[in-house]
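Novice: What follows is work.pdb, PDB, C-alpha atoms and all ligand atoms.
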ATOM      1  CA  MET A 245       3.893   8.612 -17.197
ATOM      2  CA  GLY A 246       7.578   7.895 -17.773
ATOM      3  CA  PHE A 247       8.408   6.353 -14.391
ATOM      4  CA  VAL A 248       5.216   4.491 -13.544
ATOM      5  CA  THR A 249       3.317   1.977 -15.649
ATOM      6  CA  PHE A 250      -0.274   0.832 -15.256
ATOM      7  CA  GLU A 251      -1.673  -2.419 -16.543
ATOM      8  CA  GLN A 252      -5.184  -3.735 -16.042
ATOM      9  CA  LYS A 253      -5.701  -7.503 -15.958
ATOM     10  CA  GLY A 254      -9.431  -8.048 -15.639
ATOM     11  CA  ALA A 255     -10.457  -6.471 -12.336
ATOM     12  CA  ILE A 256      -6.852  -6.175 -11.105
ATOM     13  CA  GLY A 257      -4.806  -3.021 -11.679
ATOM     14  CA  ILE A 258      -1.010  -3.325 -11.571
ATOM     15  CA  VAL A 259       0.937  -0.131 -10.825
ATOM     16  CA  THR A 260       4.695  -0.535 -11.364
ATOM     17  CA  ILE A 261       7.300   2.013 -10.350
ATOM     18  CA  ASP A 262       9.677   1.844 -13.274
ATOM     19  CA  ARG A 263      13.038   3.402 -12.576
ATOM     20  CA  PRO A 264      15.146   0.269 -12.108
ATOM     21  CA  LYS A 265      18.496   1.948 -12.809
ATOM     22  CA  ALA A 266      18.058   3.921  -9.571
ATOM     23  CA  LEU A 267      16.412   0.954  -7.806
ATOM     24  CA  ASN A 268      13.065   2.756  -8.267
ATOM     25  CA  ALA A 269      14.078   5.638  -5.977
ATOM     26  CA  LEU A 270      11.368   8.255  -5.628
ATOM     27  CA  ASN A 271      12.272  11.615  -7.119
ATOM     28  CA  SER A 272       9.714  14.361  -7.804
ATOM     29  CA  ALA A 273       8.955  13.027 -11.278
ATOM     30  CA  VAL A 274       8.343   9.483  -9.990
ATOM     31  CA  LEU A 275       6.059  10.825  -7.259
ATOM     32  CA  ALA A 276       4.071  12.864  -9.800
ATOM     33  CA  ASP A 277       3.739   9.830 -12.085
ATOM     34  CA  LEU A 278       2.654   7.665  -9.158
ATOM     35  CA  GLU A 279      -0.096  10.109  -8.294
ATOM     36  CA  ALA A 280      -1.190  10.307 -11.938
ATOM     37  CA  ALA A 281      -1.338   6.496 -12.119
ATOM     38  CA  PHE A 282      -3.722   6.328  -9.141
ATOM     39  CA  ASP A 283      -5.756   9.272 -10.470
ATOM     40  CA  GLY A 284      -6.166   7.365 -13.721
ATOM     41  CA  VAL A 285      -7.518   4.127 -12.204
ATOM     42  CA  ASP A 286     -10.996   3.263 -13.485
ATOM     43  CA  GLN A 287     -12.770   2.769 -10.173
ATOM     44  CA  GLU A 288     -15.743   1.098 -11.881
ATOM     45  CA  THR A 289     -13.829  -1.852 -13.279
ATOM     46  CA  VAL A 290     -10.727  -2.154 -11.063
ATOM     47  CA  ARG A 291     -11.413  -3.912  -7.779
ATOM     48  CA  CYS A 292      -7.927  -4.427  -6.366
ATOM     49  CA  ILE A 293      -4.563  -2.814  -7.088
ATOM     50  CA  LEU A 294      -1.100  -4.360  -6.905
ATOM     51  CA  LEU A 295       1.753  -1.892  -6.394
ATOM     52  CA  THR A 296       5.252  -3.108  -7.208
ATOM     53  CA  GLY A 297       8.696  -2.083  -8.450
ATOM     54  CA  ALA A 298      10.334  -2.855 -11.792
ATOM     55  CA  GLY A 299      13.319  -5.209 -11.908
ATOM     56  CA  GLU A 300      14.320  -8.044  -9.638
ATOM     57  CA  LYS A 301      16.275  -6.146  -7.052
ATOM     58  CA  SER A 302      14.142  -3.421  -5.616
ATOM     59  CA  PHE A 303      10.609  -2.413  -4.708
ATOM     60  CA  VAL A 304      11.710   1.157  -3.916
ATOM     61  CA  ALA A 305      15.135   2.035  -2.435
ATOM     62  CA  GLY A 306      13.817   5.233  -0.867
ATOM     63  CA  ALA A 307      13.366   8.854  -1.706
ATOM     64  CA  ASP A 308      15.963  10.122  -4.181
ATOM     65  CA  ILE A 309      18.998  11.054  -2.110
ATOM     66  CA  ALA A 310      20.697  12.996  -4.917
ATOM     67  CA  GLU A 311      17.597  15.166  -5.395
ATOM     68  CA  MET A 312      17.303  15.773  -1.652
ATOM     69  CA  SER A 313      20.967  16.490  -1.017
ATOM     70  CA  ASN A 314      20.863  20.262  -1.539
ATOM     71  CA  LEU A 315      17.384  21.141  -0.389
ATOM     72  CA  THR A 316      16.735  24.033   1.992
ATOM     73  CA  ARG A 317      14.552  23.488   5.088
ATOM     74  CA  GLU A 318      11.513  24.826   3.252
ATOM     75  CA  GLU A 319      12.217  22.691   0.202
ATOM     76  CA  GLY A 320      12.759  19.638   2.408
ATOM     77  CA  GLU A 321       9.399  20.162   4.047
ATOM     78  CA  ALA A 322       7.723  20.669   0.664
ATOM     79  CA  PHE A 323       9.340  17.479  -0.689
ATOM     80  CA  ALA A 324       8.057  15.545   2.333
ATOM     81  CA  LYS A 325       4.559  16.952   1.813
ATOM     82  CA  LYS A 326       4.560  15.781  -1.785
ATOM     83  CA  GLY A 327       5.309  12.199  -0.740
ATOM     84  CA  VAL A 328       3.100  12.246   2.324
ATOM     85  CA  ASP A 329       0.081  13.487   0.375
ATOM     86  CA  ILE A 330       0.437  10.857  -2.337
ATOM     87  CA  PHE A 331       0.950   8.061   0.202
ATOM     88  CA  ARG A 332      -2.155   9.228   2.062
ATOM     89  CA  LYS A 333      -4.054   9.147  -1.215
ATOM     90  CA  ILE A 334      -2.970   5.508  -1.604
ATOM     91  CA  GLU A 335      -3.856   4.661   2.010
ATOM     92  CA  THR A 336      -7.343   6.143   1.618
ATOM     93  CA  PHE A 337      -7.817   5.031  -1.998
ATOM     94  CA  PRO A 338     -11.309   3.530  -2.225
ATOM     95  CA  ILE A 339      -9.981   0.267  -3.695
ATOM     96  CA  PRO A 340      -7.665  -2.057  -1.721
ATOM     97  CA  VAL A 341      -3.976  -1.718  -2.597
ATOM     98  CA  ILE A 342      -1.530  -4.580  -2.040
ATOM     99  CA  ALA A 343       2.193  -3.804  -1.932
ATOM    100  CA  VAL A 344       4.096  -6.504  -3.832
ATOM    101  CA  ILE A 345       7.577  -6.052  -2.415
ATOM    102  CA  ASN A 346      10.073  -7.598  -4.780
ATOM    103  CA  GLY A 347      13.317  -6.445  -3.123
ATOM    104  CA  TYR A 348      14.597  -3.397  -1.268
ATOM    105  CA  ALA A 349      11.921  -1.425   0.589
ATOM    106  CA  LEU A 350      14.064   1.207   2.270
ATOM    107  CA  GLY A 351      13.188   4.639   3.626
ATOM    108  CA  GLY A 352      10.469   6.014   1.359
ATOM    109  CA  GLY A 353      10.094   2.499  -0.090
ATOM    110  CA  CYS A 354       9.208   0.992   3.279
ATOM    111  CA  GLU A 355       6.934   3.991   3.863
ATOM    112  CA  LEU A 356       5.214   3.460   0.511
ATOM    113  CA  ALA A 357       4.606  -0.207   1.347
ATOM    114  CA  MET A 358       3.156   0.831   4.708
ATOM    115  CA  SER A 359       0.625   3.115   3.026
ATOM    116  CA  CYS A 360      -0.830   0.049   1.281
ATOM    117  CA  ASP A 361      -3.546  -2.117   2.842
ATOM    118  CA  ILE A 362      -1.619  -5.390   2.685
ATOM    119  CA  ARG A 363       2.068  -6.180   2.200
ATOM    120  CA  LEU A 364       3.328  -9.339   0.472
ATOM    121  CA  CYS A 365       7.044  -9.762  -0.086
ATOM    122  CA  ALA A 366       9.682 -11.905  -1.740
ATOM    123  CA  ASP A 367      12.067 -13.891   0.457
ATOM    124  CA  THR A 368      14.772 -11.581  -0.918
ATOM    125  CA  ALA A 369      13.080  -8.389   0.335
ATOM    126  CA  VAL A 370      14.884  -6.054   2.732
ATOM    127  CA  PHE A 371      13.154  -3.434   4.852
ATOM    128  CA  GLY A 372      14.485  -0.485   6.779
ATOM    129  CA  GLN A 373      14.336   3.183   7.666
ATOM    130  CA  PRO A 374      17.986   4.224   7.196
ATOM    131  CA  GLU A 375      17.282   7.977   7.228
ATOM    132  CA  VAL A 376      19.082   8.906  10.460
ATOM    133  CA  GLY A 377      22.289   7.683   8.826
ATOM    134  CA  LEU A 378      21.711  10.336   6.164
ATOM    135  CA  GLY A 379      21.081  13.067   8.710
ATOM    136  CA  ILE A 380      17.293  13.203   8.305
ATOM    137  CA  THR A 381      14.194  11.625   9.807
ATOM    138  CA  PRO A 382      11.898   9.313   7.842
ATOM    139  CA  GLY A 383       9.904  11.851   5.828
ATOM    140  CA  PHE A 384       7.090  10.025   4.074
ATOM    141  CA  SER A 385       5.152   9.153   7.273
ATOM    142  CA  GLY A 386       7.452   6.381   8.503
ATOM    143  CA  THR A 387       7.570   7.769  12.032
ATOM    144  CA  GLN A 388       3.770   7.508  12.106
ATOM    145  CA  ARG A 389       2.908   4.323  10.228
ATOM    146  CA  LEU A 390       5.767   2.079  11.387
ATOM    147  CA  PRO A 391       4.839   2.266  15.103
ATOM    148  CA  ARG A 392       1.189   1.757  14.210
ATOM    149  CA  ILE A 393       2.080  -1.434  12.331
ATOM    150  CA  VAL A 394       4.918  -3.042  14.320
ATOM    151  CA  GLY A 395       4.482  -1.302  17.689
ATOM    152  CA  MET A 396       6.422   1.571  19.193
ATOM    153  CA  GLY A 397       9.413  -0.370  20.533
ATOM    154  CA  LYS A 398      10.309  -2.129  17.281
ATOM    155  CA  ALA A 399       9.637   1.043  15.251
ATOM    156  CA  LYS A 400      11.947   3.071  17.473
ATOM    157  CA  GLU A 401      14.627   0.380  17.236
ATOM    158  CA  MET A 402      14.422   0.331  13.426
ATOM    159  CA  ILE A 403      14.336   4.116  13.066
ATOM    160  CA  TYR A 404      17.027   4.985  15.672
ATOM    161  CA  THR A 405      19.474   2.272  14.529
ATOM    162  CA  GLY A 406      18.693   2.576  10.821
ATOM    163  CA  LYS A 407      19.347  -1.167  10.653
ATOM    164  CA  ASN A 408      17.680  -3.126   7.869
ATOM    165  CA  ILE A 409      15.653  -6.277   8.487
ATOM    166  CA  LYS A 410      15.143  -9.231   6.160
ATOM    167  CA  ALA A 411      11.858 -10.704   4.985
ATOM    168  CA  ASP A 412      11.598 -13.340   7.733
ATOM    169  CA  GLU A 413      11.956 -10.734  10.473
ATOM    170  CA  ALA A 414       9.539  -8.386   8.672
ATOM    171  CA  TYR A 415       7.011 -11.233   8.786
ATOM    172  CA  ARG A 416       7.719 -12.004  12.428
ATOM    173  CA  VAL A 417       7.138  -8.399  13.532
ATOM    174  CA  GLY A 418       3.974  -8.045  11.432
ATOM    175  CA  LEU A 419       5.379  -5.643   8.853
ATOM    176  CA  VAL A 420       4.351  -8.015   6.039
ATOM    177  CA  ASN A 421       1.391 -10.366   5.738
ATOM    178  CA  ALA A 422       3.270 -13.127   3.892
ATOM    179  CA  VAL A 423       6.651 -14.028   2.381
ATOM    180  CA  TYR A 424       6.973 -16.008  -0.871
ATOM    181  CA  PRO A 425       9.867 -17.283  -2.977
ATOM    182  CA  ALA A 426      10.691 -14.378  -5.305
ATOM    183  CA  GLU A 427       9.561 -16.219  -8.433
ATOM    184  CA  GLU A 428       6.138 -16.961  -6.920
ATOM    185  CA  LEU A 429       5.448 -13.507  -5.461
ATOM    186  CA  MET A 430       3.475 -11.922  -8.302
ATOM    187  CA  ALA A 431       1.350 -15.024  -8.914
ATOM    188  CA  GLN A 432       0.505 -15.211  -5.207
ATOM    189  CA  ALA A 433      -0.327 -11.505  -5.145
ATOM    190  CA  GLU A 434      -2.582 -11.869  -8.171
ATOM    191  CA  LYS A 435      -4.301 -14.816  -6.475
ATOM    192  CA  MET A 436      -5.069 -12.703  -3.400
ATOM    193  CA  ALA A 437      -6.154  -9.766  -5.558
ATOM    194  CA  ALA A 438      -8.488 -12.018  -7.559
ATOM    195  CA  ARG A 439     -10.031 -13.303  -4.353
ATOM    196  CA  ILE A 440     -10.637  -9.723  -3.151
ATOM    197  CA  ALA A 441     -11.903  -8.699  -6.591
ATOM    198  CA  GLY A 442     -14.426 -11.550  -6.518
ATOM    199  CA  ASN A 443     -16.133 -10.179  -3.410
ATOM    200  CA  ALA A 444     -18.807  -7.473  -3.399
ATOM    201  CA  PRO A 445     -16.883  -4.261  -4.265
ATOM    202  CA  ILE A 446     -19.148  -1.943  -2.296
ATOM    203  CA  ALA A 447     -18.696  -4.123   0.800
ATOM    204  CA  VAL A 448     -14.915  -4.380   0.343
ATOM    205  CA  ARG A 449     -14.597  -0.606  -0.031
ATOM    206  CA  ALA A 450     -16.878   0.047   2.929
ATOM    207  CA  SER A 451     -14.777  -2.369   5.012
ATOM    208  CA  LYS A 452     -11.602  -0.480   4.083
ATOM    209  CA  LYS A 453     -13.192   2.837   5.002
ATOM    210  CA  ALA A 454     -14.553   1.463   8.287
ATOM    211  CA  ILE A 455     -11.129   0.145   9.326
ATOM    212  CA  ASN A 456      -9.229   3.265   8.254
ATOM    213  CA  ASP A 457     -11.674   5.829   9.623
ATOM    214  CA  GLY A 458     -12.488   3.855  12.773
ATOM    215  CA  LEU A 459      -8.847   3.641  13.817
ATOM    216  CA  GLN A 460      -8.617   7.467  13.831
ATOM    217  CA  VAL A 461     -11.311   7.978  16.497
ATOM    218  CA  ASP A 462     -12.380   6.536  19.854
ATOM    219  CA  MET A 463     -14.384   3.306  20.083
ATOM    220  CA  ASP A 464     -17.756   5.018  20.596
ATOM    221  CA  GLN A 465     -17.331   6.982  17.384
ATOM    222  CA  ALA A 466     -15.724   4.041  15.591
ATOM    223  CA  ILE A 467     -18.686   1.741  16.060
ATOM    224  CA  VAL A 468     -20.987   4.427  14.658
ATOM    225  CA  ILE A 469     -18.745   4.642  11.576
ATOM    226  CA  GLU A 470     -19.119   0.875  11.187
ATOM    227  CA  GLU A 471     -22.908   0.967  11.704
ATOM    228  CA  LYS A 472     -23.321   3.546   8.944
ATOM    229  CA  LEU A 473     -21.075   1.737   6.486
ATOM    230  CA  PHE A 474     -22.767  -1.582   7.296
ATOM    231  CA  GLY A 475     -26.133   0.062   6.629
ATOM    232  CA  SER A 476     -24.874   1.556   3.367
ATOM    233  CA  CYS A 477     -24.430  -1.945   1.903
ATOM    234  CA  PHE A 478     -28.140  -2.745   2.224
ATOM    235  CA  GLU A 479     -30.491  -2.353  -0.729
ATOM    236  CA  THR A 480     -27.515  -2.726  -3.083
ATOM    237  CA  GLU A 481     -27.950  -5.347  -5.789
ATOM    238  CA  ASP A 482     -24.807  -7.078  -4.565
ATOM    239  CA  GLN A 483     -26.146  -7.391  -1.002
ATOM    240  CA  LYS A 484     -29.405  -8.810  -2.305
ATOM    241  CA  GLU A 485     -27.590 -11.259  -4.603
ATOM    242  CA  GLY A 486     -25.027 -12.296  -1.959
ATOM    243  CA  MET A 487     -27.697 -13.121   0.592
ATOM    244  CA  ALA A 488     -30.124 -14.666  -1.931
ATOM    245  CA  ALA A 489     -27.362 -16.998  -3.113
ATOM    246  CA  PHE A 490     -26.767 -18.160   0.455
ATOM    247  CA  VAL A 491     -30.469 -18.668   1.191
ATOM    248  CA  GLU A 492     -31.034 -20.484  -2.123
ATOM    249  CA  LYS A 493     -27.906 -22.620  -1.572
ATOM    250  CA  ARG A 494     -26.279 -21.579  -4.847
ATOM    251  CA  LYS A 495     -23.174 -19.698  -5.946
ATOM    252  CA  VAL A 496     -23.256 -15.917  -6.414
ATOM    253  CA  THR A 497     -23.773 -15.132 -10.085
ATOM    254  CA  GLY A 498     -21.174 -12.334  -9.952
ATOM    255  CA  PHE A 499     -21.132  -9.054  -8.091
ATOM    256  CA  LYS A 500     -21.895  -5.953 -10.139
ATOM    257  CA  ASN A 501     -20.612  -3.096  -7.975
ATOM    258  CA  CYS A 502     -24.069  -1.631  -7.534
TER     259      CYS A 502
HETATM  260  N1  LIG B   1      18.284   7.658  -4.108
HETATM  261  C1  LIG B   1      18.957   7.888  -5.255
HETATM  262  N2  LIG B   1      19.592   6.923  -5.936
HETATM  263  C2  LIG B   1      19.571   5.696  -5.427
HETATM  264  C3  LIG B   1      18.910   5.388  -4.232
HETATM  265  C4  LIG B   1      18.233   6.442  -3.569
HETATM  266  N3  LIG B   1      17.522   6.231  -2.453
HETATM  267  N4  LIG B   1      19.083   4.072  -3.986
HETATM  268  C5  LIG B   1      19.827   3.581  -4.981
HETATM  269  N5  LIG B   1      20.131   4.548  -5.860
HETATM  270  C6  LIG B   1      20.929   4.431  -7.084
HETATM  271  C7  LIG B   1      22.420   4.423  -6.781
HETATM  272  O1  LIG B   1      22.891   5.729  -6.600
HETATM  273  C8  LIG B   1      22.957   3.732  -8.004
HETATM  274  O2  LIG B   1      23.003   4.664  -9.046
HETATM  275  P1  LIG B   1      24.298   4.711 -10.041
HETATM  276  O3  LIG B   1      24.292   3.373 -10.710
HETATM  277  O4  LIG B   1      23.997   5.856 -10.941
HETATM  278  O5  LIG B   1      25.482   4.908  -9.150
HETATM  279  C9  LIG B   1      21.864   2.734  -8.357
HETATM  280  O6  LIG B   1      20.675   3.189  -7.702
HETATM  281  C10 LIG B   1      22.155   1.338  -7.859
HETATM  282  O7  LIG B   1      22.425   1.428  -6.468
HETATM  283  P2  LIG B   1      23.740   0.793  -5.785
HETATM  284  O8  LIG B   1      24.881   0.768  -6.752
HETATM  285  O9  LIG B   1      23.941   1.490  -4.499
HETATM  286  O10 LIG B   1      23.226  -0.709  -5.570
HETATM  287  P3  LIG B   1      23.714  -1.728  -4.451
HETATM  288  O11 LIG B   1      23.129  -3.039  -4.828
HETATM  289  O12 LIG B   1      25.175  -1.650  -4.237
HETATM  290  O13 LIG B   1      23.014  -1.222  -3.096
HETATM  291  C11 LIG B   1      21.208  -0.382  -1.759
HETATM  292  C12 LIG B   1      21.631  -1.249  -2.974
HETATM  293  C13 LIG B   1      21.692  -1.041  -0.466
HETATM  294  C14 LIG B   1      19.696  -0.308  -1.754
HETATM  295  C15 LIG B   1      21.829   1.026  -1.898
HETATM  296  O14 LIG B   1      21.547   1.522  -3.195
HETATM  297  C16 LIG B   1      21.326   2.017  -0.896
HETATM  298  O15 LIG B   1      21.724   1.988   0.255
HETATM  299  N6  LIG B   1      20.432   2.928  -1.350
HETATM  300  C17 LIG B   1      19.919   3.983  -0.496
HETATM  301  C18 LIG B   1      18.904   3.451   0.502
HETATM  302  C19 LIG B   1      18.441   4.571   1.402
HETATM  303  O16 LIG B   1      19.197   5.134   2.163
HETATM  304  N7  LIG B   1      17.128   4.883   1.310
HETATM  305  C20 LIG B   1      16.520   5.942   2.110
HETATM  306  C21 LIG B   1      16.533   7.221   1.325
HETATM  307  S1  LIG B   1      16.064   8.589   2.307
HETATM  308  C22 LIG B   1      14.372   8.556   2.340
HETATM  309  O17 LIG B   1      13.731   7.675   1.800
HETATM  310  C23 LIG B   1      13.751   9.707   3.064
HETATM  311  C24 LIG B   1      12.291   9.625   3.271
HETATM  312  O18 LIG B   1      11.805   8.944   4.158
HETATM  313  C25 LIG B   1      11.395  10.453   2.476
END
Write the structure described by the file as structure tokens, please.
Ligand code: CAA
Specialist:
Amino acid sequence: MGFVTFEQKGAIGIVTIDRPKALNALNSAVLADLEAAFDGVDQETVRCILLTGAGEKSFVAGADIAEMSNLTREEGEAFAKKGVDIFRKIETFPIPVIAVINGYALGGGCELAMSCDIRLCADTAVFGQPEVGLGITPGFSGTQRLPRIVGMGKAKEMIYTGKNIKADEAYRVGLVNAVYPAEELMAQAEKMAARIAGNAPIAVRASKKAINDGLQVDMDQAIVIEEKLFGSCFETEDQKEGMAAFVEKRKVTGFKNC
């Protein structure tokens, strides 16, 4: 995997897009490596994933404009599908994924961050969907996820104007969960990941699935999805241990993912 690295620190997996010379722009090779990195995650031992970009300047500065510049309509659509499918894999990945946004998150970079469960960014981060200035629409699901996250009005403003926003505005409109000084970002992300990793993995994964799947259907169907996932946690060793620890007024001895 030339353009994406994977490191496991205890129960935390760190996926880094590593093409800093091009500000981590997503070409076909980077996309393939990103998919391979997620396919390779050991879902038994990894309980939370951090997704970030190499270097100090950029998370991901978008899809690779040079690669896209001469595509035909069919090739353009196929390129979009490649990105969209991988981002959907990340969004529905059984383990929570936190985007650690260390700089530019433009176009496909903003879209990649939006496919993650939680977004934490540096105070130097910049977000935007500049595609219309290049003569295209956002192509890695930005027209769909941005309005779902920040609301239709703000999404339309960002997409139609192509104007970038800084970290403080991204926080204000709900695009990111928190903003940290750049030098503290990774430590803060690891702290959140460790907190998530310390909870019962089956329950965390079921919560992710309940939220994701429930938001796709009407409320009557959504509550049934939740009921079933709630039920699925029972009789697990972790449910028994979590509740026994509370009743016995002691700390959990450690969740086992079973
Ligand atoms: N694609 C290809 N190469 C890119 C790139 C991209 N999206 N973004 C940056 N690069 C490359 C530059 O071409 C440059 O390469 P060279 O050194 O070989 O010339 C290198 O990264 C450094 O970039 P800059 O010299 O431009 O750095 P800067 O600090 O002056 O500017 C920037 C930084 C404002 C992010 C600027 O690079 C920029 O505007 N990049 C493009 C952002 C963009 O439009 N992204 C959306 C792409 S379209 C998309 O993503 C479609 C989709 O939804 C699927």
Novice: Quote the spacing between atom CA of A:Ile309 and atom O6 of ligand LIG 1 (chain B) in Å to one decimal place.
Specialist: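 Between atom CA of A:Ile309 and atom O6 of ligand LIG 1 (chain B) the gap is 9.8 Å.
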Novice: With distances taken over all atoms listed in the file, which of A:Leu295, A:Leu364, A:Leu378, A:Ile393 is nearest to ligand LIG 1 (chain B)?
Specialist: A:Leu378
Novice: Just the residues within 9 Å of A:Ile293, please, counting all atoms listed in the file, with nothing from its chain fewer than 4 positions along; format it as a ChimeraX atom specification.
Specialist: /A:255-259,339-343,437
Novice: For A:Ala269, list every protein, DNA or RNA residue within 6 Å, evaluated using only C-alpha atoms, and leave out those in the same chain fewer than 6 positions away; present the list as an MDAnalysis selection string.
Specialist: chainID A and resid 304:308
Novice: Name the residues, by chain letter and number, that sit within 10 Å of ligand LIG 1 (chain B) using all atoms listed in the file, and give them as a CSV table (one decimal) with C-alpha atoms, in the coordinates of the input.
Specialist:
chain,number,residue,atom,x,y,z
A,263,ARG,CA,13.0,3.4,-12.6
A,264,PRO,CA,15.1,0.3,-12.1
A,265,LYS,CA,18.5,1.9,-12.8
A,266,ALA,CA,18.1,3.9,-9.6
A,267,LEU,CA,16.4,1.0,-7.8
A,268,ASN,CA,13.1,2.8,-8.3
A,269,ALA,CA,14.1,5.6,-6.0
A,270,LEU,CA,11.4,8.3,-5.6
A,271,ASN,CA,12.3,11.6,-7.1
A,301,LYS,CA,16.3,-6.1,-7.1
A,302,SER,CA,14.1,-3.4,-5.6
A,303,PHE,CA,10.6,-2.4,-4.7
A,304,VAL,CA,11.7,1.2,-3.9
A,305,ALA,CA,15.1,2.0,-2.4
A,306,GLY,CA,13.8,5.2,-0.9
A,307,ALA,CA,13.4,8.9,-1.7
A,308,ASP,CA,16.0,10.1,-4.2
A,309,ILE,CA,19.0,11.1,-2.1
A,310,ALA,CA,20.7,13.0,-4.9
A,311,GLU,CA,17.6,15.2,-5.4
A,312,MET,CA,17.3,15.8,-1.7
A,313,SER,CA,21.0,16.5,-1.0
A,320,GLY,CA,12.8,19.6,2.4
A,323,PHE,CA,9.3,17.5,-0.7
A,324,ALA,CA,8.1,15.5,2.3
A,325,LYS,CA,4.6,17.0,1.8
A,326,LYS,CA,4.6,15.8,-1.8
A,327,GLY,CA,5.3,12.2,-0.7
A,328,VAL,CA,3.1,12.2,2.3
A,347,GLY,CA,13.3,-6.4,-3.1
A,348,TYR,CA,14.6,-3.4,-1.3
A,349,ALA,CA,11.9,-1.4,0.6
A,350,LEU,CA,14.1,1.2,2.3
A,351,GLY,CA,13.2,4.6,3.6
A,352,GLY,CA,10.5,6.0,1.4
A,353,GLY,CA,10.1,2.5,-0.1
A,354,CYS,CA,9.2,1.0,3.3
A,355,GLU,CA,6.9,4.0,3.9
A,356,LEU,CA,5.2,3.5,0.5
A,370,VAL,CA,14.9,-6.1,2.7
A,371,PHE,CA,13.2,-3.4,4.9
A,372,GLY,CA,14.5,-0.5,6.8
A,373,GLN,CA,14.3,3.2,7.7
A,374,PRO,CA,18.0,4.2,7.2
A,375,GLU,CA,17.3,8.0,7.2
A,376,VAL,CA,19.1,8.9,10.5
A,377,GLY,CA,22.3,7.7,8.8
A,378,LEU,CA,21.7,10.3,6.2
A,379,GLY,CA,21.1,13.1,8.7
A,380,ILE,CA,17.3,13.2,8.3
A,381,THR,CA,14.2,11.6,9.8
A,382,PRO,CA,11.9,9.3,7.8
A,383,GLY,CA,9.9,11.9,5.8
A,384,PHE,CA,7.1,10.0,4.1
A,385,SER,CA,5.2,9.2,7.3
A,386,GLY,CA,7.5,6.4,8.5
A,387,THR,CA,7.6,7.8,12.0
A,406,GLY,CA,18.7,2.6,10.8
A,408,ASN,CA,17.7,-3.1,7.9
Novice: Take the PyMOL selection byres (((chain A and resi 455-470) around 12) and not hetatm), apply it to the structure above, and return the hits as a list of chain:residue names.
Specialist: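 That selection, the PyMOL selection byres (((chain A and resi 455-470) around 12) and not hetatm), comes back as A:Arg332, A:Ile334, A:Glu335, A:Thr336, A:Phe337, A:Pro338, A:Pro340, A:Ser359, A:Cys360, A:Asp361, A:Arg392, A:Ala447, A:Val448, A:Arg449, A:Ala450, A:Ser451, A:Lys452, A:Lys453, A:Ala454, A:Glu471, A:Lys472, A:Leu473, A:Phe474, A:Gly475, A:Ser476, A:Cys477.
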Novice: Using all atoms listed in the file, what table do you get, as a tab-separated table, when you list each residue of stretch 268-361 of chain A with an atom no more than 8 Å from stretch 420-436 of chain A, its nearest pair of atoms, and their distance in Å rounded to one decimal, rows by chain then rising number?
Specialist:
residue	atom	partner	partner_atom	distance
A:Leu294	CA	A:Ala433	CA	7.4
A:Ile342	CA	A:Ala433	CA	7.7
A:Val344	CA	A:Ala433	CA	6.8
A:Asn346	CA	A:Ala426	CA	6.8
